[in-house]
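protein.txt (compact mmCIF, C-alpha atoms)
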# COMPACT_ATOMS: atom_id res chain seq x y z
CA MET A 1 95.51 132.10 73.86
CA SER A 2 92.06 131.54 72.37
CA LYS A 3 89.74 134.48 71.79
CA VAL A 4 87.56 133.43 74.72
CA ASP A 5 90.63 133.38 76.99
CA LEU A 6 91.68 136.76 75.58
CA PHE A 7 88.26 138.23 76.35
CA ALA A 8 88.40 136.76 79.86
CA ALA A 9 91.84 138.30 80.48
CA ILE A 10 90.72 141.71 79.15
CA ARG A 11 87.63 141.70 81.36
CA ARG A 12 89.68 140.66 84.41
CA ASP A 13 92.22 143.46 83.91
CA SER A 14 89.45 145.96 83.21
CA ARG A 15 87.90 145.16 86.61
CA ALA A 16 91.34 145.84 88.08
CA GLY A 17 91.17 149.41 86.70
CA MET A 18 93.04 149.31 83.37
CA SER A 19 91.81 151.65 80.63
CA VAL A 20 90.75 150.63 77.14
CA ARG A 21 93.92 152.12 75.68
CA ALA A 22 96.15 150.28 78.17
CA LEU A 23 94.35 146.99 77.52
CA ALA A 24 94.72 147.38 73.75
CA ARG A 25 98.43 148.08 74.15
CA GLN A 26 99.01 145.20 76.58
CA TYR A 27 97.24 142.55 74.51
CA ARG A 28 98.19 144.02 71.11
CA VAL A 29 94.63 144.23 69.85
CA SER A 30 92.46 147.06 68.59
CA ARG A 31 90.31 149.16 70.90
CA ARG A 32 87.29 147.78 69.07
CA THR A 33 88.28 144.29 70.23
CA VAL A 34 88.70 145.53 73.81
CA ARG A 35 85.26 147.19 73.77
CA SER A 36 83.75 144.03 72.31
CA ALA A 37 85.25 142.00 75.16
CA LEU A 38 83.92 144.43 77.76
CA GLN A 39 80.42 144.27 76.26
CA SER A 40 80.23 140.47 76.20
CA ALA A 41 82.32 137.61 77.58
CA TRP A 42 81.40 135.54 74.52
CA PRO A 43 83.09 136.52 71.20
CA GLN A 44 81.19 136.40 67.95
CA SER A 45 81.10 132.89 66.57
CA ARG A 46 83.36 131.94 63.70
CA LYS A 47 83.13 129.02 61.33
CA PRO A 48 85.15 126.17 62.88
CA LEU A 49 88.08 124.82 60.93
CA PRO A 50 87.90 121.16 59.89
CA PRO A 51 90.12 118.83 61.94
CA ARG A 52 93.55 118.26 60.45
CA PRO A 53 94.63 114.63 60.24
CA SER A 54 98.21 113.76 61.12
CA LYS A 55 100.46 111.23 59.44
CA LEU A 56 101.35 110.03 62.92
CA ASP A 57 97.76 108.97 63.74
CA GLU A 58 98.15 105.35 62.59
CA PHE A 59 101.34 104.97 64.67
CA LYS A 60 100.01 106.45 67.93
CA PRO A 61 98.71 103.09 69.28
CA ILE A 62 102.14 101.57 68.62
CA ILE A 63 103.89 104.37 70.52
CA ASP A 64 101.44 104.00 73.42
CA GLY A 65 102.20 100.27 73.55
CA ILE A 66 105.94 100.94 73.69
CA LEU A 67 105.51 103.47 76.51
CA ARG A 68 103.33 101.05 78.50
CA GLY A 69 105.92 98.31 78.05
CA ASP A 70 108.59 100.64 79.41
CA LEU A 71 106.75 100.92 82.72
CA ASP A 72 108.09 97.51 83.77
CA ALA A 73 111.46 97.73 82.01
CA PRO A 74 114.71 98.50 83.88
CA ARG A 75 115.19 102.24 84.25
CA LYS A 76 118.34 102.31 82.14
CA GLN A 77 116.83 100.20 79.36
CA ARG A 78 113.76 102.19 78.47
CA HIS A 79 113.05 103.70 75.09
CA THR A 80 114.34 107.12 74.24
CA VAL A 81 112.42 109.15 71.68
CA LYS A 82 115.19 108.45 69.16
CA ARG A 83 114.85 104.70 69.73
CA ILE A 84 111.06 104.88 69.30
CA TYR A 85 111.51 106.90 66.11
CA ASP A 86 114.01 104.41 64.70
CA ARG A 87 111.77 101.43 65.50
CA LEU A 88 108.77 103.04 63.81
CA ILE A 89 110.80 103.45 60.63
CA ALA A 90 112.49 100.04 60.70
CA GLU A 91 109.64 97.86 61.99
CA HIS A 92 106.47 99.68 60.92
CA ASP A 93 107.52 101.40 57.67
CA MET A 94 106.79 104.90 58.94
CA LEU A 95 107.49 107.52 56.27
CA ASP A 96 107.23 111.31 56.03
CA VAL A 97 106.87 111.83 59.80
CA SER A 98 109.50 114.05 61.38
CA TYR A 99 111.37 113.32 64.59
CA ALA A 100 109.94 116.51 66.12
CA VAL A 101 106.36 115.27 65.66
CA VAL A 102 107.15 111.97 67.39
CA ARG A 103 109.01 113.77 70.18
CA ALA A 104 106.07 116.09 70.84
CA TYR A 105 103.61 113.19 70.99
CA VAL A 106 105.82 111.16 73.35
CA ALA A 107 106.28 114.17 75.64
CA ASP A 108 102.50 114.57 75.84
CA ARG A 109 101.56 110.89 76.25
CA LYS A 110 104.33 109.61 78.55
CA PRO A 111 103.14 111.30 81.78
CA LYS A 112 99.51 110.46 80.97
CA ILE A 113 100.32 106.77 80.53
CA ARG A 114 102.21 106.75 83.84
CA ALA A 115 99.23 108.40 85.51
CA GLU A 116 96.81 105.87 84.00
CA ALA A 117 98.97 103.09 85.45
CA GLY A 118 98.95 104.73 88.90
CA ARG A 119 102.62 105.68 88.77
CA GLY A 120 102.36 109.44 88.96
CA PRO A 121 104.32 111.76 91.27
CA VAL A 122 104.19 111.44 95.08
CA ASP A 123 101.10 113.05 96.61
CA VAL A 124 101.65 115.91 99.08
CA PHE A 125 98.89 117.13 101.42
CA PHE A 126 98.46 120.60 102.88
CA PRO A 127 95.95 121.67 105.55
CA GLN A 128 93.25 124.01 104.27
CA THR A 129 92.45 127.39 105.77
CA HIS A 130 89.70 129.69 104.50
CA ARG A 131 88.68 133.32 104.81
CA PRO A 132 85.03 134.41 105.17
CA GLY A 133 83.33 134.77 101.79
CA ALA A 134 86.52 133.97 99.89
CA GLU A 135 86.41 130.32 98.83
CA ALA A 136 83.77 127.79 97.82
CA GLU A 137 83.37 124.25 96.49
CA VAL A 138 81.05 122.96 93.77
CA ASP A 139 79.93 119.43 92.97
CA PHE A 140 77.09 117.31 91.60
CA GLY A 141 75.56 114.33 93.39
CA VAL A 142 73.13 111.66 92.22
CA VAL A 143 69.66 111.66 93.81
CA ALA A 144 66.38 109.90 93.06
CA VAL A 145 62.81 111.20 93.09
CA ASN A 146 59.50 109.47 92.49
CA LEU A 147 57.99 111.31 89.54
CA ARG A 148 54.37 110.29 88.88
CA GLY A 149 54.98 106.79 90.15
CA GLU A 150 58.30 106.28 88.34
CA LEU A 151 61.72 106.39 90.02
CA VAL A 152 63.80 109.01 88.20
CA THR A 153 67.52 109.69 88.71
CA CYS A 154 68.40 113.39 88.95
CA MET A 155 71.48 115.48 89.72
CA LEU A 156 71.87 117.61 92.84
CA PHE A 157 73.98 120.75 92.30
CA ALA A 158 75.66 122.11 95.42
CA LEU A 159 77.80 125.21 96.01
CA ARG A 160 79.28 125.34 99.53
CA LEU A 161 81.11 128.27 101.12
CA SER A 162 84.29 126.87 102.65
CA PHE A 163 84.42 129.11 105.75
CA SER A 164 80.81 129.11 106.96
CA GLY A 165 79.64 125.86 105.39
CA LYS A 166 76.52 127.58 104.03
CA THR A 167 75.39 125.61 100.97
CA VAL A 168 72.97 126.29 98.15
CA HIS A 169 71.35 123.27 96.48
CA ARG A 170 69.33 122.77 93.33
CA ILE A 171 68.08 119.59 91.65
CA PHE A 172 68.26 119.19 87.87
CA ILE A 173 67.18 116.41 85.54
CA SER A 174 70.80 116.10 84.34
CA GLY A 175 74.29 117.32 85.14
CA GLY A 176 74.93 118.94 81.76
CA GLN A 177 76.48 122.32 81.12
CA GLU A 178 73.12 124.12 81.19
CA ALA A 179 72.44 122.80 84.71
CA PHE A 180 76.03 123.55 85.76
CA LEU A 181 75.76 127.19 84.73
CA GLU A 182 72.19 127.67 86.00
CA GLY A 183 73.21 126.21 89.35
CA HIS A 184 75.89 128.87 89.70
CA VAL A 185 73.46 131.67 88.83
CA HIS A 186 70.96 130.37 91.40
CA ALA A 187 73.68 130.08 94.07
CA PHE A 188 75.10 133.56 93.46
CA THR A 189 71.59 135.04 93.52
CA THR A 190 70.75 133.26 96.77
CA LEU A 191 74.06 134.21 98.43
CA GLY A 192 73.96 137.77 97.14
CA GLY A 193 77.36 137.68 95.43
CA VAL A 194 80.32 135.72 94.10
CA PRO A 195 83.13 134.35 96.33
CA THR A 196 86.14 136.63 96.15
CA GLY A 197 88.68 133.78 96.09
CA LYS A 198 88.90 130.40 94.41
CA ILE A 199 86.04 127.99 93.78
CA ARG A 200 87.09 124.33 93.76
CA TYR A 201 85.83 121.97 91.06
CA ASP A 202 86.13 118.42 89.85
CA ASN A 203 87.13 118.00 86.22
CA LEU A 204 83.51 118.10 85.07
CA ARG A 205 82.84 117.91 81.34
CA ALA A 206 80.77 121.05 81.64
CA ALA A 207 83.92 123.00 82.55
CA VAL A 208 86.99 120.99 81.52
CA ALA A 209 87.64 119.85 77.96
CA GLN A 210 91.08 118.35 78.69
CA VAL A 211 93.32 117.65 81.69
CA LEU A 212 96.96 118.51 80.93
CA GLY A 213 99.23 115.90 82.54
CA PHE A 214 99.99 116.21 86.24
CA ALA A 215 99.75 119.99 86.34
CA ARG A 216 96.79 122.07 87.49
CA GLN A 217 96.39 123.44 83.98
CA ARG A 218 93.16 122.60 82.17
CA VAL A 219 91.75 123.25 78.73
CA GLU A 220 88.36 124.71 79.60
CA THR A 221 85.22 124.61 77.50
CA ALA A 222 84.71 127.92 75.74
CA ARG A 223 81.27 128.63 77.21
CA TRP A 224 82.52 127.99 80.75
CA THR A 225 85.45 130.35 80.18
CA ALA A 226 83.03 133.06 79.04
CA PHE A 227 80.74 132.37 82.02
CA ARG A 228 83.69 132.60 84.45
CA SER A 229 84.76 135.83 82.85
CA HIS A 230 81.27 137.32 83.17
CA PHE A 231 81.02 136.57 86.91
CA GLY A 232 84.72 136.94 87.74
CA ILE A 233 85.07 133.35 88.98
CA ASP A 234 88.56 132.12 89.93
CA ALA A 235 88.43 128.34 89.32
CA PHE A 236 90.68 125.77 91.02
CA TYR A 237 90.58 122.24 89.59
CA CYS A 238 91.19 119.24 91.83
CA GLN A 239 93.32 116.26 90.88
CA PRO A 240 91.44 113.69 88.76
CA GLY A 241 89.81 110.68 90.42
CA LEU A 242 89.90 109.77 94.11
CA GLN A 243 93.23 111.58 94.59
CA GLY A 244 91.47 114.93 94.42
CA ALA A 245 88.51 114.04 96.64
CA HIS A 246 90.21 115.44 99.77
CA GLU A 247 90.59 118.83 98.10
CA LYS A 248 86.85 119.49 98.24
CA GLY A 249 85.63 117.04 100.82
CA GLY A 250 83.34 119.64 102.38
CA VAL A 251 80.88 119.78 99.50
CA GLU A 252 81.00 116.02 98.93
CA GLY A 253 80.06 115.43 102.57
CA GLN A 254 77.40 118.13 102.35
CA ILE A 255 75.71 116.39 99.39
CA GLY A 256 75.50 113.16 101.40
CA TRP A 257 74.07 115.04 104.42
CA PHE A 258 71.44 116.79 102.29
CA ARG A 259 70.44 113.53 100.62
CA ARG A 260 69.99 111.72 103.96
CA ASN A 261 68.15 114.57 105.70
CA HIS A 262 65.94 115.96 102.95
CA LEU A 263 65.45 113.17 100.42
CA VAL A 264 64.72 110.22 102.74
CA PRO A 265 62.21 108.77 102.16
CA VAL A 266 62.35 109.30 98.41
CA PRO A 267 60.16 112.35 97.68
CA SER A 268 57.15 111.93 95.38
CA LEU A 269 56.25 114.56 92.77
CA ASN A 270 52.98 114.64 90.85

Whole structure, structure tokens version:
Amino acid sequence: MSKVDLFAAIRRDSRAGMSVRALARQYRVSRRTVRSALQSAWPQSRKPLPPRPSKLDEFKPIIDGILRGDLDAPRKQRHTVKRIYDRLIAEHDMLDVSYAVVRAYVADRKPKIRAEAGRGPVDVFFPQTHRPGAEAEVDFGVVAVNLRGELVTCMLFALRLSFSGKTVHRIFISGGQEAFLEGHVHAFTTLGGVPTGKIRYDNLRAAVAQVLGFARQRVETARWTAFRSHFGIDAFYCQPGLQGAHEKGGVEGQIGWFRRNHLVPVPSLN
């Protein structure tokens, strides 16, 4: 795990009652590292390593094309990784790239290409039940205000408690990470605490750096991981696109209600 994830895990287990010595033993780090994590959710910055190019880079578009072509091929006549590897050598003069590298890339890209083509796994729906103060939903919505005679597009941040429906709103000039984090701080201050259960999110750039296939796993942005660790937020990420809209429909409907009831007609600010 990354150092930010390590710090988040240490802080989570510390809140559960583990001692510094137990944390150091569990995560195989020094006590100094544990104390540093408990003092701040954000580790000291280190010089980033330069990106490492891969010999497979020039062949990735070719592999993607083969995988897309397989979507309409008979099931028993689709490319295996070995067949893709052999074609790259015979038809595209690929050299010095191991079979393992090609296999790893195909394993990563194949489900993503199927998802992009709308051929992912069958959707299953479960009814939602919520406990008081346990779960919440977060989203941004587009709103417009008349600022000194000019129509300006802004972003409405909303955090909605799933049980009571109580919602905290705040309008920002953009939906960037600064607004995303400040909106949470404002909501927690207004509500007087942090939900004890999961908070549902879209795959916003402010929080998610990469969606990993069809699973719920996400590569989070480092600053969001540190922020979550500081407040003890348990994040739940919805499925990408319209498929995940039903998983946090409460806050999406609430944004529309707020817009119609509080921002019509378009408010004017001097």

List every residue of segment 87-165 of chain A that has an atom at most 8 Å from any atom of segment 56-65 of chain A, and for each one report the closest atom pair and its distance in Å to one decimal, counting all atoms listed in the file, with rows sorted by chain and then by increasing residue number, as a tab-separated table.
residue	atom	partner	partner_atom	distance
A:Leu88	CA	A:Phe59	CA	7.7
A:Met94	CA	A:Phe59	CA	7.9
A:Val97	CA	A:Leu56	CA	6.6
A:Val101	CA	A:Leu56	CA	7.8
A:Val102	CA	A:Leu56	CA	7.6
A:Val106	CA	A:Ile63	CA	7.6
A:Arg109	CA	A:Asp64	CA	7.4
A:Ile113	CA	A:Asp64	CA	7.7

Near segment 28-36 of chain A, within 10 Å and counting all atoms listed in the file, which residues show up once chain neighbours fewer than 3 positions away are dropped, as a PyMOL selection string? chain A and resi 6-7+10-11+14+19-25+39-44

Those residues you just picked out, can you put them in a file as a PDB file, keeping the file's coordinate frame with C-alpha atoms?
ATOM      1  CA  LEU A   6      91.680 136.760  75.580  1.00  0.00           C
ATOM      2  CA  PHE A   7      88.260 138.230  76.350  1.00  0.00           C
ATOM      3  CA  ILE A  10      90.720 141.710  79.150  1.00  0.00           C
ATOM      4  CA  ARG A  11      87.630 141.700  81.360  1.00  0.00           C
ATOM      5  CA  SER A  14      89.450 145.960  83.210  1.00  0.00           C
ATOM      6  CA  SER A  19      91.810 151.650  80.630  1.00  0.00           C
ATOM      7  CA  VAL A  20      90.750 150.630  77.140  1.00  0.00           C
ATOM      8  CA  ARG A  21      93.920 152.120  75.680  1.00  0.00           C
ATOM      9  CA  ALA A  22      96.150 150.280  78.170  1.00  0.00           C
ATOM     10  CA  LEU A  23      94.350 146.990  77.520  1.00  0.00           C
ATOM     11  CA  ALA A  24      94.720 147.380  73.750  1.00  0.00           C
ATOM     12  CA  ARG A  25      98.430 148.080  74.150  1.00  0.00           C
ATOM     13  CA  GLN A  39      80.420 144.270  76.260  1.00  0.00           C
ATOM     14  CA  SER A  40      80.230 140.470  76.200  1.00  0.00           C
ATOM     15  CA  ALA A  41      82.320 137.610  77.580  1.00  0.00           C
ATOM     16  CA  TRP A  42      81.400 135.540  74.520  1.00  0.00           C
ATOM     17  CA  PRO A  43      83.090 136.520  71.200  1.00  0.00           C
ATOM     18  CA  GLN A  44      81.190 136.400  67.950  1.00  0.00           C
TER      19      GLN A  44
END

Counting only C-alpha atoms, what is within 12 Å of Leu161 of chain A, bar same-chain residues fewer than 3 positions away, as a count of residues only? 31

Exercise: Met155 of chain A partners within 9 Å, only C-alpha atoms, chain neighbours under 4 positions left out, as a list in words: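 My list of contacting residues is Phe140, Gly141, Val142, Val143, Ala144, Arg170, Ile171, Phe172, Ile173, Ser174, Gly175 and Ala179 of chain A.
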
Quick one: of A:Tyr27, A:Phe236, A:Phe231, A:Phe163, who's nearest to Asn203 of chain A, counting all atoms listed in the file? A:Phe236

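Straight-line separation from atom CA of Ser98 of chain A to atom CA of Arg75 of chain A: 26.4 Å.
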
Just the number, please: distance in Å from atom CA of Ala8 of chain A to atom CA of Ala226 of chain A, one decimal. 6.6 Å

When you draw a straight line from atom CA of Cys238 of chain A to atom CA of Thr190 of chain A, how long is it in Å?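 Between atom CA of Cys238 of chain A and atom CA of Thr190 of chain A the gap is 25.3 Å.
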
Closest of A:Pro53, A:Pro48, A:Pro240, A:Gly183 to Arg160 of chain A - atom-to-atom distances counting only C-alpha atoms: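 Distance minimum relative to Arg160 of chain A lands on A:Gly183.
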
Using all atoms listed in the file, which of A:Thr153, A:Phe227, A:Gly253, A:Gln217 sits nearest Leu181 of chain A?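 Nearest candidate to Leu181 of chain A out of A:Thr153, A:Phe227, A:Gly253, A:Gln217: A:Phe227.
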
Using all atoms listed in the file, which residue out of A:Arg259, A:Trp224, A:Lys55, A:Gly192 lies closest to Arg205 of chain A?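 Nearest candidate to Arg205 of chain A out of A:Arg259, A:Trp224, A:Lys55, A:Gly192: A:Trp224.
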
A:Lys3, A:Ala9, A:Ser45, A:Ala207 ranked by distance to His230 of chain A, top pick (using all atoms listed in the file): A:Ala9

Point (113.7, 112.1, 71.4) neighbourhood (10 Å, all atoms listed in the file) written as a PDB file with C-alpha atoms, in the frame of the given file:
ATOM      1  CA  HIS A  79     113.050 103.700  75.090  1.00  0.00           C
ATOM      2  CA  THR A  80     114.340 107.120  74.240  1.00  0.00           C
ATOM      3  CA  VAL A  81     112.420 109.150  71.680  1.00  0.00           C
ATOM      4  CA  LYS A  82     115.190 108.450  69.160  1.00  0.00           C
ATOM      5  CA  ARG A  83     114.850 104.700  69.730  1.00  0.00           C
ATOM      6  CA  ILE A  84     111.060 104.880  69.300  1.00  0.00           C
ATOM      7  CA  TYR A  85     111.510 106.900  66.110  1.00  0.00           C
ATOM      8  CA  TYR A  99     111.370 113.320  64.590  1.00  0.00           C
ATOM      9  CA  ALA A 100     109.940 116.510  66.120  1.00  0.00           C
ATOM     10  CA  VAL A 101     106.360 115.270  65.660  1.00  0.00           C
ATOM     11  CA  VAL A 102     107.150 111.970  67.390  1.00  0.00           C
ATOM     12  CA  ARG A 103     109.010 113.770  70.180  1.00  0.00           C
ATOM     13  CA  ALA A 104     106.070 116.090  70.840  1.00  0.00           C
ATOM     14  CA  VAL A 106     105.820 111.160  73.350  1.00  0.00           C
ATOM     15  CA  ALA A 107     106.280 114.170  75.640  1.00  0.00           C
TER      16      ALA A 107
END
